[in-house]
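Asker: What follows is a single structure, and I will ask about it in a moment.
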Amino acid sequence: MIDKTIMNQRVAAASIAYKFSDVIEFDSSFFADARIEVKNKAGLEEVNLFGQQTKIFDCEKTENTLGVMFGAMKGGAVASGFLKDTGSLNVSRIVNKYDAYNLPAVFYIATDDANVCTYDFAPDVGMAFPSNVQEAIDLSILAHLTIGKSYKPFVVCLNNRKEAGIKETAELPDNKDINQLFDVIAFCGTRARGLERGISCDIEVPILLDADVPEIVQYYLDMINKQFHRDYKLVDYVGAADAENIFVSFGAQTDVIEEAVKNLVAAGEKAGLVKIKILAPINMDAIKAAFPK
């Protein structure tokens, strides 16, 4: 059952993380509202997709950022981490550590667009840039589905600006809805490895075939579009078919630029915008194909 709900981006992302994770660790009080939301789920004995209650932890010291999460994943658990990028936190170092240990976590990073440009992730780490609450829900689902088959970390960049806290109405699928995505190709790859360490999982885990991260992302993106009636693309274009001045954008400012481009086109200007929604990893063919011919 898909419920209409009112929440902000951070709470929306945490609600999805709860469904997919054994462990969630919050780095900062910046995510207080999201932490309260998942604490309430645990208090109401709401279970995740594995039929268990997700455990919630706080990271108190920057130098030990996400230490509980790291240890849990080395023990075979599925984990998510919420970070606030203040500029002093080396996000690239943390994410690349997980990649080096082959621990496919989902990292939710509250960041500014300028900081995103400084990240130096391994080339097979995916990134998504939701610009509203519904995208925070859907692209979080995409991130978790992807790591279960890719065994690589995935980063969801949440808007660090004030407007990110604004509540919006969105569709939040329940566990049964999301489980429909498992019926074709199951997620649970990390849990399958955990089974060898004696961790229980109520979801049947089939043999997973090898595939590149871009193929996995596109596969699950297509499934989400079909299941939830969306029209997401890795890269999209808005503007004049004969545009001479074209912006390329990702992250929080994209909606503002899109509105400006539409106003320019309405005024007769030959302007356009290439919108990068997902780097899975960067797909130059998709970016080039988005430009007007």
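Chain identifiers are assigned as A, B, and so on, following the order in which chains appear in the structure tokens; residues are numbered from 1 within each chain, and ligands are numbered from 1 in order of appearance.
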Tell me, which residues of range 64-277 of chain A carry DSSP strand (DSSP E or B), written as a compact mmCIF listing (two decimals) with C-alpha atoms, in the first residue's frame?

Answerer:
```
# COMPACT_ATOMS: atom_id res chain seq x y z
CA ALA A 79 23.89 -0.54 7.10
CA SER A 80 23.19 3.07 6.17
CA GLY A 81 24.95 6.21 7.37
CA PHE A 82 23.79 9.84 7.58
CA LEU A 83 26.53 12.48 7.36
CA LYS A 84 26.50 16.27 7.37
CA VAL A 106 24.33 3.71 1.36
CA PHE A 107 25.62 7.09 2.49
CA TYR A 108 23.15 9.94 2.88
CA ILE A 109 25.16 13.16 2.81
CA ALA A 110 23.65 16.57 3.57
CA THR A 111 25.89 18.71 1.42
CA GLY A 126 27.07 5.72 -7.70
CA MET A 127 25.58 9.08 -6.73
CA ALA A 128 22.01 10.40 -6.80
CA PHE A 154 26.13 4.44 -3.15
CA VAL A 155 25.87 8.12 -2.16
CA VAL A 156 22.59 10.05 -1.94
CA CYS A 157 23.30 13.80 -1.81
CA LEU A 158 20.62 15.53 0.24
CA ASN A 159 20.21 19.29 0.06
CA GLU A 168 6.07 18.17 1.02
CA THR A 169 3.42 15.60 0.20
CA ALA A 170 4.84 12.44 -1.35
CA GLU A 171 4.03 8.77 -1.91
CA LEU A 172 5.76 6.46 0.57
CA PRO A 173 5.58 2.76 -0.40
CA VAL A 235 20.22 12.58 -17.56
CA ASP A 236 17.37 14.76 -18.87
CA TYR A 237 17.05 17.90 -21.00
CA VAL A 238 14.79 20.93 -20.73
CA GLY A 239 14.73 23.88 -23.09
CA ASN A 245 23.42 28.46 -24.45
CA ILE A 246 23.13 25.30 -22.37
CA PHE A 247 23.57 24.81 -18.63
CA VAL A 248 24.70 21.48 -17.17
CA SER A 249 23.61 21.01 -13.56
CA ALA A 271 18.57 28.32 -23.83
CA GLY A 272 18.58 24.80 -22.42
CA LEU A 273 19.47 22.73 -19.37
CA VAL A 274 21.02 19.28 -19.13
CA LYS A 275 19.93 17.85 -15.74
CA ILE A 276 22.11 15.15 -14.21
```

Asker: Identify, with DSSP run on backbone atoms, the residues in range 100-275 of chain A assigned to helix (DSSP H, G or I), and express the list as a count of residues only.

Answerer: 71

Asker: Which residues, written as a ChimeraX atom specification, have at least one atom at most 8 Å from range 27-33 of chain A, with only C-alpha atoms counted and residues fewer than 2 positions away on the same chain left out?

Answerer: /A:10-11,25,35-37,58-60,62,65-66,81-84

Asker: If we count only C-alpha atoms, what is near range 281-286 of chain A at a cut-off of 8 Å, once residues fewer than 4 positions away on the same chain are taken out, given as a count of residues only?

Answerer: 10
